[in-house]
file target31.cif (mmCIF, C-alpha atoms)
data_entry
loop_
_atom_site.group_PDB
_atom_site.id
_atom_site.type_symbol
_atom_site.label_atom_id
_atom_site.label_comp_id
_atom_site.auth_asym_id
_atom_site.auth_seq_id
_atom_site.Cartn_x
_atom_site.Cartn_y
_atom_site.Cartn_z
ATOM 1 C CA MET O 839 2.932 37.816 1.402
ATOM 2 C CA ALA O 840 2.354 34.263 2.521
ATOM 3 C CA GLY O 841 6.072 33.936 3.294
ATOM 4 C CA ALA O 842 5.956 36.780 5.812
ATOM 5 C CA GLU O 843 2.957 35.209 7.522
ATOM 6 C CA VAL O 844 4.820 31.912 7.851
ATOM 7 C CA TRP O 845 7.795 33.677 9.494
ATOM 8 C CA GLN O 846 5.436 35.476 11.886
ATOM 9 C CA ARG O 847 3.722 32.243 12.880
ATOM 10 C CA LEU O 848 7.027 30.483 13.470
ATOM 11 C CA GLY O 849 7.938 33.140 16.020
ATOM 12 C CA ARG O 850 10.812 32.111 18.231
ATOM 13 C CA TRP O 851 10.986 28.626 16.665
ATOM 14 C CA ARG O 852 12.732 30.084 13.619
ATOM 15 C CA ARG O 853 15.878 30.397 15.762
ATOM 16 C CA PHE O 854 16.187 26.619 15.539
ATOM 17 C CA LEU O 855 16.385 26.589 11.726
ATOM 18 C CA PRO O 856 20.226 26.539 11.665
ATOM 19 C CA ALA O 857 20.312 23.592 14.108
ATOM 20 C CA PHE O 858 17.695 21.749 12.062
ATOM 21 C CA LEU O 859 19.756 22.302 8.877
ATOM 22 C CA LEU O 860 22.893 21.016 10.619
ATOM 23 C CA LEU O 861 21.013 17.914 11.757
ATOM 24 C CA ALA O 862 19.702 17.400 8.212
ATOM 25 C CA ALA O 863 23.254 17.760 6.837
ATOM 26 C CA VAL O 864 24.582 15.098 9.207
ATOM 27 C CA VAL O 865 21.709 12.734 8.336
ATOM 28 C CA VAL O 866 22.256 13.263 4.592
ATOM 29 C CA ASP O 867 26.019 12.770 4.968
ATOM 30 C CA TYR O 868 25.554 9.624 7.049
ATOM 31 C CA ASP O 869 22.694 7.980 5.109
ATOM 32 C CA THR O 870 23.875 8.588 1.550
ATOM 33 C CA PRO O 871 26.775 7.091 -0.398
ATOM 34 C CA ARG O 872 30.266 8.385 0.394
ATOM 35 C CA THR O 873 30.380 10.369 -2.845
ATOM 36 C CA VAL O 874 27.347 12.483 -1.899
ATOM 37 C CA SER O 875 28.135 15.637 0.039
ATOM 38 C CA ALA O 876 25.845 17.674 2.271
ATOM 39 C CA ALA O 877 28.033 20.775 1.918
ATOM 40 C CA ALA O 878 25.058 22.836 0.711
ATOM 41 C CA LEU O 879 23.169 22.068 3.932
ATOM 42 C CA TYR O 880 26.152 23.018 6.087
ATOM 43 C CA ALA O 881 26.429 26.303 4.175
ATOM 44 C CA ALA O 882 22.677 26.903 4.416
ATOM 45 C CA ALA O 883 22.764 26.380 8.198
ATOM 46 C CA ILE O 884 25.552 28.917 8.600
ATOM 47 C CA LEU O 885 23.887 31.497 6.362
ATOM 48 C CA ALA O 886 20.522 30.994 8.075
ATOM 49 C CA ALA O 887 22.197 31.761 11.407
ATOM 50 C CA ALA O 888 23.365 35.206 10.260
ATOM 51 C CA PRO O 889 19.952 36.963 10.310
ATOM 52 C CA LEU O 890 18.325 34.730 12.926
ATOM 53 C CA LEU O 891 20.946 34.491 15.679
ATOM 54 C CA SER O 892 23.293 36.771 17.576
ATOM 55 C CA LEU O 893 26.984 37.055 16.699
ATOM 56 C CA PRO O 894 27.972 34.277 19.143
ATOM 57 C CA GLY O 895 25.167 32.085 17.770
ATOM 58 C CA THR O 896 26.384 32.647 14.209
ATOM 59 C CA ILE O 897 29.973 31.834 15.184
ATOM 60 C CA ILE O 898 28.900 28.708 17.092
ATOM 61 C CA THR O 899 26.861 27.559 14.091
ATOM 62 C CA GLY O 900 29.853 28.070 11.788
ATOM 63 C CA VAL O 901 32.216 26.177 14.084
ATOM 64 C CA ALA O 902 29.663 23.378 14.575
ATOM 65 C CA ALA O 903 29.169 23.044 10.807
ATOM 66 C CA PHE O 904 32.932 22.897 10.274
ATOM 67 C CA LEU O 905 33.436 20.270 13.008
ATOM 68 C CA LEU O 906 30.460 18.161 11.909
ATOM 69 C CA ASP O 907 31.646 18.200 8.290
ATOM 70 C CA LEU O 908 35.174 17.288 9.438
ATOM 71 C CA ALA O 909 33.754 14.444 11.547
ATOM 72 C CA MET O 910 31.897 13.074 8.524
ATOM 73 C CA PHE O 911 35.101 13.148 6.449
ATOM 74 C CA VAL O 912 36.994 11.307 9.190
ATOM 75 C CA TYR O 913 34.142 8.794 9.568
ATOM 76 C CA PHE O 914 34.214 7.999 5.831
ATOM 77 C CA GLY O 915 38.021 7.860 5.721
ATOM 78 C CA TYR O 916 38.617 10.957 3.605
ATOM 79 C CA HIS O 917 40.889 12.575 6.170
ATOM 80 C CA GLY O 918 43.468 14.821 4.437
ATOM 81 C CA SER O 919 42.027 14.384 0.935
ATOM 82 C CA ALA O 920 41.554 17.150 -1.631
ATOM 83 C CA PRO O 921 37.728 17.030 -1.431
ATOM 84 C CA GLN O 922 37.961 17.429 2.347
ATOM 85 C CA VAL O 923 40.234 20.460 2.122
ATOM 86 C CA SER O 924 38.044 22.010 -0.572
ATOM 87 C CA GLU O 925 34.766 21.465 1.256
ATOM 88 C CA LEU O 926 36.072 22.534 4.655
ATOM 89 C CA SER O 927 37.560 25.668 3.073
ATOM 90 C CA MET O 928 34.155 26.436 1.595
ATOM 91 C CA VAL O 929 32.438 25.925 4.965
ATOM 92 C CA ALA O 930 34.986 28.215 6.679
ATOM 93 C CA THR O 931 34.537 30.879 3.977
ATOM 94 C CA VAL O 932 30.754 30.747 4.293
ATOM 95 C CA ALA O 933 31.114 31.074 8.077
ATOM 96 C CA ALA O 934 33.223 34.221 7.644
ATOM 97 C CA ILE O 935 30.659 35.677 5.230
ATOM 98 C CA ALA O 936 27.851 34.853 7.672
ATOM 99 C CA VAL O 937 29.639 36.691 10.481
ATOM 100 C CA PHE O 938 30.022 39.719 8.188
ATOM 101 C CA LEU O 939 26.314 39.572 7.258
ATOM 102 C CA ASN O 940 25.339 39.246 10.909
ATOM 103 C CA ARG O 941 27.245 42.416 11.786
ATOM 104 C CA LEU O 942 25.876 44.240 8.747
ATOM 105 C CA LEU O 943 22.285 43.391 9.699
ATOM 106 C CA TYR O 944 22.941 44.404 13.298
ATOM 107 C CA HIS O 945 24.212 47.843 12.266
ATOM 108 C CA LEU O 946 21.360 48.370 9.805
ATOM 109 C CA GLN O 947 18.831 47.558 12.540
ATOM 110 C CA ALA O 948 20.612 49.955 14.912
ATOM 111 C CA ARG O 949 20.410 52.739 12.313
ATOM 112 C CA LEU O 950 16.709 52.058 11.791
ATOM 113 C CA ARG O 951 16.094 52.143 15.563
ATOM 114 C CA SER O 952 17.964 55.445 15.777
ATOM 115 C CA ALA O 953 15.940 56.925 12.911
ATOM 116 C CA ARG O 954 12.708 55.807 14.610
ATOM 117 C CA ASP O 955 13.789 57.386 17.905
ATOM 118 C CA ILE O 956 14.658 60.639 16.146
ATOM 119 C CA ALA O 957 11.311 60.621 14.309
ATOM 120 C CA ALA O 958 9.477 60.104 17.596
ATOM 121 C CA ALA O 959 11.401 62.943 19.276
ATOM 122 C CA VAL O 960 10.742 65.299 16.361
ATOM 123 C CA GLN O 961 7.086 64.352 16.328
ATOM 124 C CA CYS O 962 6.734 65.016 20.055
ATOM 125 C CA ALA O 963 8.549 68.352 19.722
ATOM 126 C CA VAL O 964 6.497 69.570 16.762
ATOM 127 C CA LEU O 965 3.001 68.372 17.564
ATOM 128 C CA PRO O 966 1.031 70.131 20.266
ATOM 129 C CA ASP O 967 -0.343 68.206 23.204
ATOM 130 C CA PRO O 968 -3.785 66.873 22.324
ATOM 131 C CA PRO O 969 -6.609 68.605 24.167
ATOM 132 C CA LYS O 970 -7.886 66.833 27.247
ATOM 133 C CA ALA O 971 -11.387 68.265 26.909
ATOM 134 C CA ILE O 972 -13.414 70.558 24.720
ATOM 135 C CA GLY O 973 -16.486 71.712 26.551
ATOM 136 C CA PRO O 974 -18.247 68.726 28.087
ATOM 137 C CA LEU O 975 -16.374 66.260 25.858
ATOM 138 C CA ARG O 976 -13.263 64.552 27.244
ATOM 139 C CA PHE O 977 -10.579 63.034 25.011
ATOM 140 C CA ALA O 978 -7.921 60.402 25.418
ATOM 141 C CA ALA O 979 -5.292 60.589 22.675
ATOM 142 C CA ARG O 980 -1.657 59.796 22.108
ATOM 143 C CA TYR O 981 0.851 60.200 19.329
ATOM 144 C CA GLU O 982 2.859 57.317 17.956
ATOM 145 C CA ALA O 983 6.085 57.653 15.995
ATOM 146 C CA LEU O 984 5.883 57.950 12.244
ATOM 147 C CA ILE O 985 5.784 54.572 10.593
ATOM 148 C CA ARG O 986 6.833 55.715 7.148
ATOM 149 C CA PHE O 987 9.399 58.321 6.320
ATOM 150 C CA GLY O 988 8.566 60.872 3.666
ATOM 151 C CA GLY O 989 4.839 60.931 4.391
ATOM 152 C CA HIS O 990 2.699 63.575 5.996
ATOM 153 C CA PRO O 991 4.337 64.470 9.337
ATOM 154 C CA ARG O 992 1.070 64.439 11.297
ATOM 155 C CA SER O 993 -0.409 61.207 10.072
ATOM 156 C CA GLY O 994 2.527 58.922 9.302
ATOM 157 C CA VAL O 995 1.034 58.065 5.913
ATOM 158 C CA GLN O 996 1.655 59.260 2.396
ATOM 159 C CA PRO O 997 0.058 62.609 1.445
ATOM 160 C CA ARG O 998 -3.306 62.569 -0.232
ATOM 161 C CA GLU O 999 -3.243 62.860 -3.970
ATOM 162 C CA ASP O 1000 -5.347 66.038 -3.881
ATOM 163 C CA VAL O 1001 -2.693 67.819 -1.789
ATOM 164 C CA HIS O 1002 0.114 69.394 -3.765
ATOM 165 C CA HIS O 1003 3.230 70.980 -2.365
ATOM 166 C CA GLY O 1004 3.839 74.606 -3.245
ATOM 167 C CA GLU O 1005 7.060 76.272 -4.213
ATOM 168 C CA HIS O 1006 8.289 76.507 -0.608
ATOM 169 C CA GLY O 1007 6.992 73.138 0.624
ATOM 170 C CA GLU O 1008 3.650 74.369 1.955
ATOM 171 C CA GLU O 1009 0.569 72.332 1.222
ATOM 172 C CA GLU O 1010 -1.915 73.573 -1.313
ATOM 173 C CA ALA O 1011 -5.120 71.560 -1.316
ATOM 174 C CA SER O 1012 -6.958 71.120 -4.566
ATOM 175 C CA PRO O 1013 -10.502 72.466 -4.538
ATOM 176 C CA SER O 1014 -12.884 69.915 -3.143
ATOM 177 C CA PRO O 1015 -15.604 68.782 -5.536
ATOM 178 C CA LEU O 1016 -18.053 69.012 -2.618
ATOM 179 C CA VAL O 1017 -17.409 72.691 -1.882
ATOM 180 C CA HIS O 1018 -19.034 75.181 -4.230
ATOM 181 C CA ALA O 1019 -17.598 78.656 -4.518
#

call {"tool": "encode", "arguments": {"input": "target31.cif", "output": "C-alpha cells"}}
result
Amino acid sequence: MAGAEVWQRLGRWRRFLPAFLLLAAVVVDYDTPRTVSAAALYAAAILAAAPLLSLPGTIITGVAAFLLDLAMFVYFGYHGSAPQVSELSMVATVAAIAVFLNRLLYHLQARLRSARDIAAAVQCAVLPDPPKAIGPLRFAARYEALIRFGGHPRSGVQPREDVHHGEHGEEEASPSPLVHA
C-alpha cells in the first residue's frame, strides 16, 4: 500500500496535479518537434481533475487544456488542420468524460456518507448508554459509527471465526477450549 501512503503524504498538494500536468503538456509541446503531440498529458490533466477537484475545477481544467492545446496548434501553424481537429475533439471528449466521472464520484461519496450516518444512528439507537460508574470505578466511554458493514454490530469488525450464526441469525458460540464441562 505504498501508493496510498504517498497520496496521504501529499495531502492538499495533490490538488495541483492537474495544473502540473497541464504545465508539463505545454513544455513538451513547446520544446519538442512540431510532429510530437502532448495530447496524452492534456488528457491526463483533465482526468486527474475529476477525482481531485470540484465540478468547477474539473470544467476549468478541461477548458484550460482545450485552450492551451489550441494555442500550441496556432503557435506551430497547424490552425484548421485535420490533426488539430482530431486532437481538440479528443480533448473535448475527455473533458466531457471527466465531468461525468466527477459527478459519479460525488454521488458515490454522498451515498457512502448517508450510509455512515444511518449506521451511526442505528448504532446509537440500539446500543445502551455505557455505564458512568460501577461501584467505585468510573468510566469514560463513547461509541463510534461502524467502520465496516456486515460485521458484528457492536464492534464494527468481522465476527470471530468461533461464532456461528444460528438458523434465525442468533449467535451460537463454539465451545471454548479453555472451559471444561

call {"tool": "residues_near_point", "arguments": {"input": "target31.cif", "point": "(-6.5, 66.8, 20.8)", "cutoff": "7 Å", "atoms": "all atoms listed in the file", "output": "list of chain:residue names"}}
result
O:Asp967, O:Pro968, O:Pro969, O:Lys970, O:Phe977, O:Ala979

call {"tool": "resolve_selection", "arguments": {"input": "target31.cif", "expression": "the PyMOL selection byres ((chain O and resi 910) around 10)", "output": "PyMOL selection string"}}
result
chain O and resi 863-864+867-868+872+875-876+905-909+911-917+922

call {"tool": "atom_distance", "arguments": {"input": "target31.cif", "atom1": "atom CA of O:Tyr944", "atom2": "atom CA of O:Leu891"}}
result
10.4 Å

call {"tool": "residues_around", "arguments": {"input": "target31.cif", "residues": "stretch 925-928 of chain O", "least_positions_apart": "2", "cutoff": "8 Å", "atoms": "all atoms listed in the file", "output": "list in words"}}
result
Ala877, Phe904, Asp907, Leu908, Pro921, Gln922, Val923, Ala930, Thr931 and Val932 of chain O

call {"tool": "residues_around", "arguments": {"input": "target31.cif", "residues": "O:Thr896", "least_positions_apart": "3", "cutoff": "9 Å", "atoms": "all atoms listed in the file", "output": "list in words"}}
result
Ile884, Leu885, Ala886, Ala887, Ala888, Pro889, Leu890, Leu891, Ser892, Leu893, Thr899, Gly900, Val901, Ala933, Ala936, Val937 and Asn940 of chain O

call {"tool": "resolve_selection", "arguments": {"input": "target31.cif", "expression": "the PyMOL selection byres ((chain O and resi 858) around 12)", "output": "mmCIF file with C-alpha atoms, keeping the file's coordinate frame"}}
result
data_model
loop_
_atom_site.group_PDB
_atom_site.id
_atom_site.type_symbol
_atom_site.label_atom_id
_atom_site.label_comp_id
_atom_site.auth_asym_id
_atom_site.auth_seq_id
_atom_site.Cartn_x
_atom_site.Cartn_y
_atom_site.Cartn_z
ATOM 1 C CA TRP O 851 10.986 28.626 16.665
ATOM 2 C CA ARG O 852 12.732 30.084 13.619
ATOM 3 C CA ARG O 853 15.878 30.397 15.762
ATOM 4 C CA PHE O 854 16.187 26.619 15.539
ATOM 5 C CA LEU O 855 16.385 26.589 11.726
ATOM 6 C CA PRO O 856 20.226 26.539 11.665
ATOM 7 C CA ALA O 857 20.312 23.592 14.108
ATOM 8 C CA LEU O 859 19.756 22.302 8.877
ATOM 9 C CA LEU O 860 22.893 21.016 10.619
ATOM 10 C CA LEU O 861 21.013 17.914 11.757
ATOM 11 C CA ALA O 862 19.702 17.400 8.212
ATOM 12 C CA ALA O 863 23.254 17.760 6.837
ATOM 13 C CA VAL O 864 24.582 15.098 9.207
ATOM 14 C CA VAL O 865 21.709 12.734 8.336
ATOM 15 C CA LEU O 879 23.169 22.068 3.932
ATOM 16 C CA TYR O 880 26.152 23.018 6.087
ATOM 17 C CA ALA O 882 22.677 26.903 4.416
ATOM 18 C CA ALA O 883 22.764 26.380 8.198
ATOM 19 C CA ILE O 884 25.552 28.917 8.600
ATOM 20 C CA ALA O 886 20.522 30.994 8.075
ATOM 21 C CA ALA O 887 22.197 31.761 11.407
ATOM 22 C CA THR O 899 26.861 27.559 14.091
ATOM 23 C CA ALA O 903 29.169 23.044 10.807
#

call {"tool": "atom_distance", "arguments": {"input": "target31.cif", "atom1": "atom CA of O:Val960", "atom2": "atom CA of O:Leu943"}}
result
25.6 Å

call {"tool": "atom_distance", "arguments": {"input": "target31.cif", "atom1": "atom CA of O:Gly895", "atom2": "atom CA of O:Arg941"}}
result
12.1 Å

call {"tool": "closest_residue", "arguments": {"input": "target31.cif", "among": "O:Ala978, O:Ser952, O:Val929, O:Ile972", "to": "O:Ala878", "atoms": "only C-alpha atoms"}}
result
O:Val929
